[in-house]
Each structure stands twice: as structure tokens, then as C-alpha cells.
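S.K.: Structure below; questions to follow.
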Amino acid sequence: MSKSRLGRGLEALFNEHDIESVESIDQIKEGENVLSLSVKKLRPNPYQPRKVFDDEKLSELSNSIREHGVLQPIIVKKDVKGYIIIAGERRFRATILAGIEEIPAIVREYSDDLMMQYAIIENLQREDLNPIEEAMSYRMVMQKLSLTQEKLAEKLGKSRTYIANMTRILKLPQFVVDSIENGEISVGHAKILAGIKNEERILELAMIIKEKGISVRELEEILDEEKDPKSSPKLKRKAVNPHIKSLESNLHHYFGTKVSLKDTDGKGQIVIDYLSTDDLNRLLDIMGVEL
């Protein structure tokens, strides 16, 4: 990644807080040895804000590793359970995907403080972060480096309003945050929802956005109509039980598949989707059902 991509703001963060650029982290230093470590002994940086990895790009990297091996060693820190990955989690994941049991690595000593800072700064340099990962990175770097929104905005070449709006979406209900992370609700929608105080109304509008695919402008018109009942409504409100939707979201994360609840006066159905026989067997194992 080029220096121009980093921008003066991130370089300033590196200099002020004695952090190496992410480019230099991967470079082998004099006297260092490259070890071959079992992937079973490795685990991701717990401070890593990034949770979603592009499956297609990961598959491409996996194919390359399967053919050529891992060309650039990952950087790790030793701990009581094995090793923590400081830099190179994509290479680690792609290696596992390729069915390879060992990966070249360089072991270094890093404090927990530096581990967090490297994870945050590395992610702030990426262009493919989803909005939630970006917002989490901003929040973490402000907390860890004791920066105000104004100071961070100045260093990153962004407006304070932009930083404020991005971090504010993290306060939305978890169901909405998950929908933003999955690309079902846009940042534009999210910024508007974050300005609504009533949580149930936020969840109702989130469902309208997902089910009807309304634009940001249409969402603004709905809210304008609510402020001024005499104006013509653009869309009819659809009654949505926010507690049911929140429960569906929790069940989705637990089972790893879509779960729908159909509730009528306390009675209803739970519908769990599965994609194949193997997927069904996986769900039965989770529920402890023996065949």
C-alpha cells in the first residue's frame, strides 16, 4: 500500500504515537527468523475491528497460496495459548481455506496497547471496510489514543460531522447494526435512523427499508409526513413488532441461517431455513437432535 494511500493524517498518528506504518510491520528485520507455525496454534488479534472478509477475494488468495505458498510471512505475538496474529489475518484465513496446516510467521514482542493500535490503523487504511467496521475503527482509535472527534477528523482529512455520524450509527439497535453490516441498510439510511429517539420506530423503519427497498429520500419523506400530518403520505406504515425482529436476529446469529417468527396473539411458528442436507444435519446437531 502506497504512502499516498495512507495520507498525512495517518502518518501523523504513526509519528505521534510511535507506531510503525503497516507497510513496515510486514518487513523482515535484521536478525529475525521466519518460523513455520501450525495454523491451529494461531488466533486473530482480539482488538481487530474487522469481522467480515470478502469471500471471493479470500478464495482467490487461497488458490494462490495453494499454488505458490504464502509469500509474505505473517507477524505474530506469542501468548499462553499459542500465538496472536498482529498482521496477516487474511493470509491466515486463506491458508486454512487452502487446506494447508502450517504458515510462515515472524514472532515479535508487542504490548496489548500496540496490538490494538496496529489493528485499528491497519483497518483505517483499507478501502473495503463495511460501514460498521469503519465506525468501530474510529471509535476505538479515539478511545485508545484519547482523541476528540475534531482531532481525529483533522488528522484523517475528514469533517467532524462525518466522524460523528459514523460513530453514532453504532448506537442503533443491534438488529439495525447487523443490517448495515450485511449491506441491507445503507449508511445514508443509517444516519437518518440514528437521529430518531424512539427505538421501536427505528426498528419499524428499518424493516420498511429492507422489505420495500425505499431510498434515503423516501425515508426522509416518511419522517417529514410524520412531522406534518397534513402532507401526503408517501408510504403506508407497516406494523412491525420490533421485539420479534430482534429475536429473529439473535436466532439468525445462533443458527447461522435465516429464522422467521410468525406470531399471532402469543401463538405462531418458528421457521428455520436450511440450504442442503448437510446444513440440516448441522442445525440438528446445534439443537441436540439425534437421528
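Residues are referred to by chain and number: the chain letter is A, B, ... according to the order shown in the C-alpha cells, the number counts from 1 in that chain, and ligands are numbered separately from 1 in the order shown.
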Within 9 Å of Arg91 of chain A, counting only C-alpha atoms, which residues qualify if same-chain residues fewer than 6 places away don't, as a list in words?

M.R.: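 Close residues of Arg91 of chain A: Leu58, Leu61, Ser62, Ile65, Val70, Gln72, Pro73, Ile74 and Ile103 of chain A.
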
S.K.: Just the selected residues (C-alpha atoms), exported as a PDB file, in the first residue's frame, please.

M.R.:
```
ATOM      1  CA  LEU A  58     -10.323 -14.779   0.112  1.00  0.00           C
ATOM      2  CA  LEU A  61      -5.875 -15.652  -2.281  1.00  0.00           C
ATOM      3  CA  SER A  62      -6.428 -19.228  -1.134  1.00  0.00           C
ATOM      4  CA  ILE A  65      -1.428 -19.856  -1.686  1.00  0.00           C
ATOM      5  CA  VAL A  70       2.438 -17.861   1.461  1.00  0.00           C
ATOM      6  CA  GLN A  72       4.926 -12.928   2.848  1.00  0.00           C
ATOM      7  CA  PRO A  73       5.202 -14.236   6.453  1.00  0.00           C
ATOM      8  CA  ILE A  74       2.521 -13.147   8.898  1.00  0.00           C
ATOM      9  CA  ILE A 103       2.131 -20.908   7.687  1.00  0.00           C
TER      10      ILE A 103
END
```

S.K.: Could you write out, as a ChimeraX atom specification, all the residues of segment 94-252 of chain A that DSSP marks as strand (DSSP E)?

M.R.: /A:102-107

S.K.: Within 10 Å of Asp113 of chain A, counting only C-alpha atoms, which residues show up once you throw out same-chain ones fewer than 6 positions away? Write them as a ChimeraX atom specification, please.

M.R.: /A:47,144-145

S.K.: Just how far from atom CA of Asn165 of chain A is atom CA of Met115 of chain A, in Å to one decimal?

M.R.: 26.7 Å

S.K.: Excluding Ser179 of chain A and residues on its chain fewer than 6 positions from it, collect all residues at most 9 Å away from it, counting only C-alpha atoms, and give them as a tab-separated table (two decimals) with C-alpha atoms, in the first residue's frame.

M.R.:
```tsv
chain	number	residue	atom	x	y	z
A	185	ILE	CA	-29.38	-0.83	5.02
A	186	SER	CA	-27.16	1.93	3.62
A	206	ALA	CA	-35.54	-0.47	9.28
A	210	LYS	CA	-35.31	-3.80	3.96
```

S.K.: Rounded to one decimal in Å, what is the spacing between atom CA of Lys41 of chain A and atom CA of Ile75 of chain A?

M.R.: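 We find that atom CA of Lys41 of chain A and atom CA of Ile75 of chain A lie 13.4 Å from each other.
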
S.K.: Mind checking which residues fall within 7 Å of segment 194-199 of chain A, counting only C-alpha atoms, ignoring those fewer than 6 positions away in the same chain, and posting them as a list in words?

M.R.: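 Non-adjacent residues within range: Arg168, Ile169 and Leu172 of chain A.
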
S.K.: Residues of the last selection are to be written out with C-alpha atoms, as a PDB file, in the first residue's frame.

M.R.:
```pdb
ATOM      1  CA  ARG A 168     -23.360   7.467  16.046  1.00  0.00           C
ATOM      2  CA  ILE A 169     -24.688   4.578  13.935  1.00  0.00           C
ATOM      3  CA  LEU A 172     -28.533   1.961  16.782  1.00  0.00           C
TER       4      LEU A 172
END
```

S.K.: Where does DSSP see helix (DSSP H, G or I) in segment 74-136 of chain A, if you list the residues as a list in words?

M.R.: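 Taking segment 74-136 of chain A and keeping helix (DSSP H, G or I) only, one gets Glu89, Arg90, Arg91, Phe92, Arg93, Ala94, Thr95, Ile96, Leu97, Asp112, Asp113, Leu114, Met115, Met116, Gln117, Tyr118, Ala119, Ile120, Ile121, Glu122, Asn123, Leu124, Pro131, Ile132, Glu133, Glu134, Ala135 and Met136 of chain A.
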
S.K.: Using N, CA and C atoms, can you export the residues from the last selection as a PDB file, in the first residue's frame?

M.R.:
```pdb
ATOM      1  N   GLU A  89      -4.055 -11.520   8.906  1.00  0.00           N
ATOM      2  CA  GLU A  89      -5.188 -12.410   9.185  1.00  0.00           C
ATOM      3  C   GLU A  89      -5.797 -12.958   7.897  1.00  0.00           C
ATOM      4  N   ARG A  90      -5.810 -12.176   6.799  1.00  0.00           N
ATOM      5  CA  ARG A  90      -6.347 -12.676   5.534  1.00  0.00           C
ATOM      6  C   ARG A  90      -5.512 -13.849   5.028  1.00  0.00           C
ATOM      7  N   ARG A  91      -4.186 -13.737   5.135  1.00  0.00           N
ATOM      8  CA  ARG A  91      -3.307 -14.841   4.718  1.00  0.00           C
ATOM      9  C   ARG A  91      -3.561 -16.082   5.576  1.00  0.00           C
ATOM     10  N   PHE A  92      -3.777 -15.863   6.854  1.00  0.00           N
ATOM     11  CA  PHE A  92      -4.077 -16.950   7.783  1.00  0.00           C
ATOM     12  C   PHE A  92      -5.375 -17.654   7.392  1.00  0.00           C
ATOM     13  N   ARG A  93      -6.429 -16.880   7.136  1.00  0.00           N
ATOM     14  CA  ARG A  93      -7.716 -17.458   6.768  1.00  0.00           C
ATOM     15  C   ARG A  93      -7.633 -18.179   5.424  1.00  0.00           C
ATOM     16  N   ALA A  94      -6.921 -17.575   4.476  1.00  0.00           N
ATOM     17  CA  ALA A  94      -6.794 -18.184   3.149  1.00  0.00           C
ATOM     18  C   ALA A  94      -5.979 -19.474   3.210  1.00  0.00           C
ATOM     19  N   THR A  95      -5.003 -19.527   4.102  1.00  0.00           N
ATOM     20  CA  THR A  95      -4.197 -20.739   4.266  1.00  0.00           C
ATOM     21  C   THR A  95      -5.056 -21.883   4.781  1.00  0.00           C
ATOM     22  N   ILE A  96      -5.909 -21.586   5.758  1.00  0.00           N
ATOM     23  CA  ILE A  96      -6.828 -22.608   6.274  1.00  0.00           C
ATOM     24  C   ILE A  96      -7.779 -23.060   5.169  1.00  0.00           C
ATOM     25  N   LEU A  97      -8.284 -22.101   4.395  1.00  0.00           N
ATOM     26  CA  LEU A  97      -9.189 -22.415   3.295  1.00  0.00           C
ATOM     27  C   LEU A  97      -8.513 -23.298   2.251  1.00  0.00           C
ATOM     28  N   ASP A 112      -0.148  -5.128  24.592  1.00  0.00           N
ATOM     29  CA  ASP A 112      -1.559  -5.096  24.224  1.00  0.00           C
ATOM     30  C   ASP A 112      -1.932  -3.750  23.609  1.00  0.00           C
ATOM     31  N   ASP A 113      -1.296  -2.694  24.101  1.00  0.00           N
ATOM     32  CA  ASP A 113      -1.567  -1.355  23.599  1.00  0.00           C
ATOM     33  C   ASP A 113      -1.202  -1.251  22.121  1.00  0.00           C
ATOM     34  N   LEU A 114      -0.014  -1.736  21.757  1.00  0.00           N
ATOM     35  CA  LEU A 114       0.409  -1.678  20.361  1.00  0.00           C
ATOM     36  C   LEU A 114      -0.416  -2.615  19.490  1.00  0.00           C
ATOM     37  N   MET A 115      -0.807  -3.779  20.028  1.00  0.00           N
ATOM     38  CA  MET A 115      -1.650  -4.707  19.269  1.00  0.00           C
ATOM     39  C   MET A 115      -2.938  -4.027  18.824  1.00  0.00           C
ATOM     40  N   MET A 116      -3.550  -3.298  19.742  1.00  0.00           N
ATOM     41  CA  MET A 116      -4.796  -2.602  19.414  1.00  0.00           C
ATOM     42  C   MET A 116      -4.553  -1.505  18.387  1.00  0.00           C
ATOM     43  N   GLN A 117      -3.499  -0.746  18.587  1.00  0.00           N
ATOM     44  CA  GLN A 117      -3.222   0.367  17.691  1.00  0.00           C
ATOM     45  C   GLN A 117      -2.930  -0.112  16.271  1.00  0.00           C
ATOM     46  N   TYR A 118      -2.159  -1.191  16.142  1.00  0.00           N
ATOM     47  CA  TYR A 118      -1.868  -1.720  14.805  1.00  0.00           C
ATOM     48  C   TYR A 118      -3.145  -2.194  14.119  1.00  0.00           C
ATOM     49  N   ALA A 119      -3.996  -2.877  14.866  1.00  0.00           N
ATOM     50  CA  ALA A 119      -5.242  -3.388  14.283  1.00  0.00           C
ATOM     51  C   ALA A 119      -6.116  -2.244  13.789  1.00  0.00           C
ATOM     52  N   ILE A 120      -6.210  -1.184  14.590  1.00  0.00           N
ATOM     53  CA  ILE A 120      -7.040  -0.044  14.222  1.00  0.00           C
ATOM     54  C   ILE A 120      -6.466   0.676  13.002  1.00  0.00           C
ATOM     55  N   ILE A 121      -5.192   0.999  13.066  1.00  0.00           N
ATOM     56  CA  ILE A 121      -4.564   1.756  11.978  1.00  0.00           C
ATOM     57  C   ILE A 121      -4.590   0.959  10.682  1.00  0.00           C
ATOM     58  N   GLU A 122      -4.333  -0.356  10.765  1.00  0.00           N
ATOM     59  CA  GLU A 122      -4.349  -1.189   9.567  1.00  0.00           C
ATOM     60  C   GLU A 122      -5.721  -1.125   8.900  1.00  0.00           C
ATOM     61  N   ASN A 123      -6.759  -1.158   9.700  1.00  0.00           N
ATOM     62  CA  ASN A 123      -8.101  -1.143   9.128  1.00  0.00           C
ATOM     63  C   ASN A 123      -8.479   0.221   8.564  1.00  0.00           C
ATOM     64  N   LEU A 124      -8.001   1.295   9.194  1.00  0.00           N
ATOM     65  CA  LEU A 124      -8.308   2.624   8.687  1.00  0.00           C
ATOM     66  C   LEU A 124      -7.691   2.859   7.304  1.00  0.00           C
ATOM     67  N   PRO A 131     -19.381  -0.204   6.657  1.00  0.00           N
ATOM     68  CA  PRO A 131     -19.580   0.983   7.498  1.00  0.00           C
ATOM     69  C   PRO A 131     -19.418   0.732   9.000  1.00  0.00           C
ATOM     70  N   ILE A 132     -19.855  -0.440   9.466  1.00  0.00           N
ATOM     71  CA  ILE A 132     -19.752  -0.727  10.899  1.00  0.00           C
ATOM     72  C   ILE A 132     -18.291  -0.902  11.309  1.00  0.00           C
ATOM     73  N   GLU A 133     -17.507  -1.600  10.492  1.00  0.00           N
ATOM     74  CA  GLU A 133     -16.079  -1.765  10.793  1.00  0.00           C
ATOM     75  C   GLU A 133     -15.376  -0.411  10.789  1.00  0.00           C
ATOM     76  N   GLU A 134     -15.732   0.439   9.836  1.00  0.00           N
ATOM     77  CA  GLU A 134     -15.144   1.781   9.771  1.00  0.00           C
ATOM     78  C   GLU A 134     -15.490   2.575  11.024  1.00  0.00           C
ATOM     79  N   ALA A 135     -16.755   2.536  11.405  1.00  0.00           N
ATOM     80  CA  ALA A 135     -17.192   3.271  12.591  1.00  0.00           C
ATOM     81  C   ALA A 135     -16.508   2.748  13.851  1.00  0.00           C
ATOM     82  N   MET A 136     -16.374   1.429  13.959  1.00  0.00           N
ATOM     83  CA  MET A 136     -15.704   0.839  15.116  1.00  0.00           C
ATOM     84  C   MET A 136     -14.244   1.263  15.175  1.00  0.00           C
TER      85      MET A 136
END
```

S.K.: What lies within 12 Å of Asn250 of chain A using only C-alpha atoms, ignoring chain neighbours under 5 positions off, as number ranges by chain?

M.R.: A: 174-175, 178, 243-245, 255-261

S.K.: Env of Leu152 of chain A: 10 Å cut, atoms = only C-alpha atoms, seq-sep filter 3 positions within chain, self excluded. Answer as a count of residues only.

M.R.: 19

S.K.: Atom CA of Leu205 of chain A and atom CA of Thr161 of chain A, how far apart in Å?

M.R.: 23.4 Å
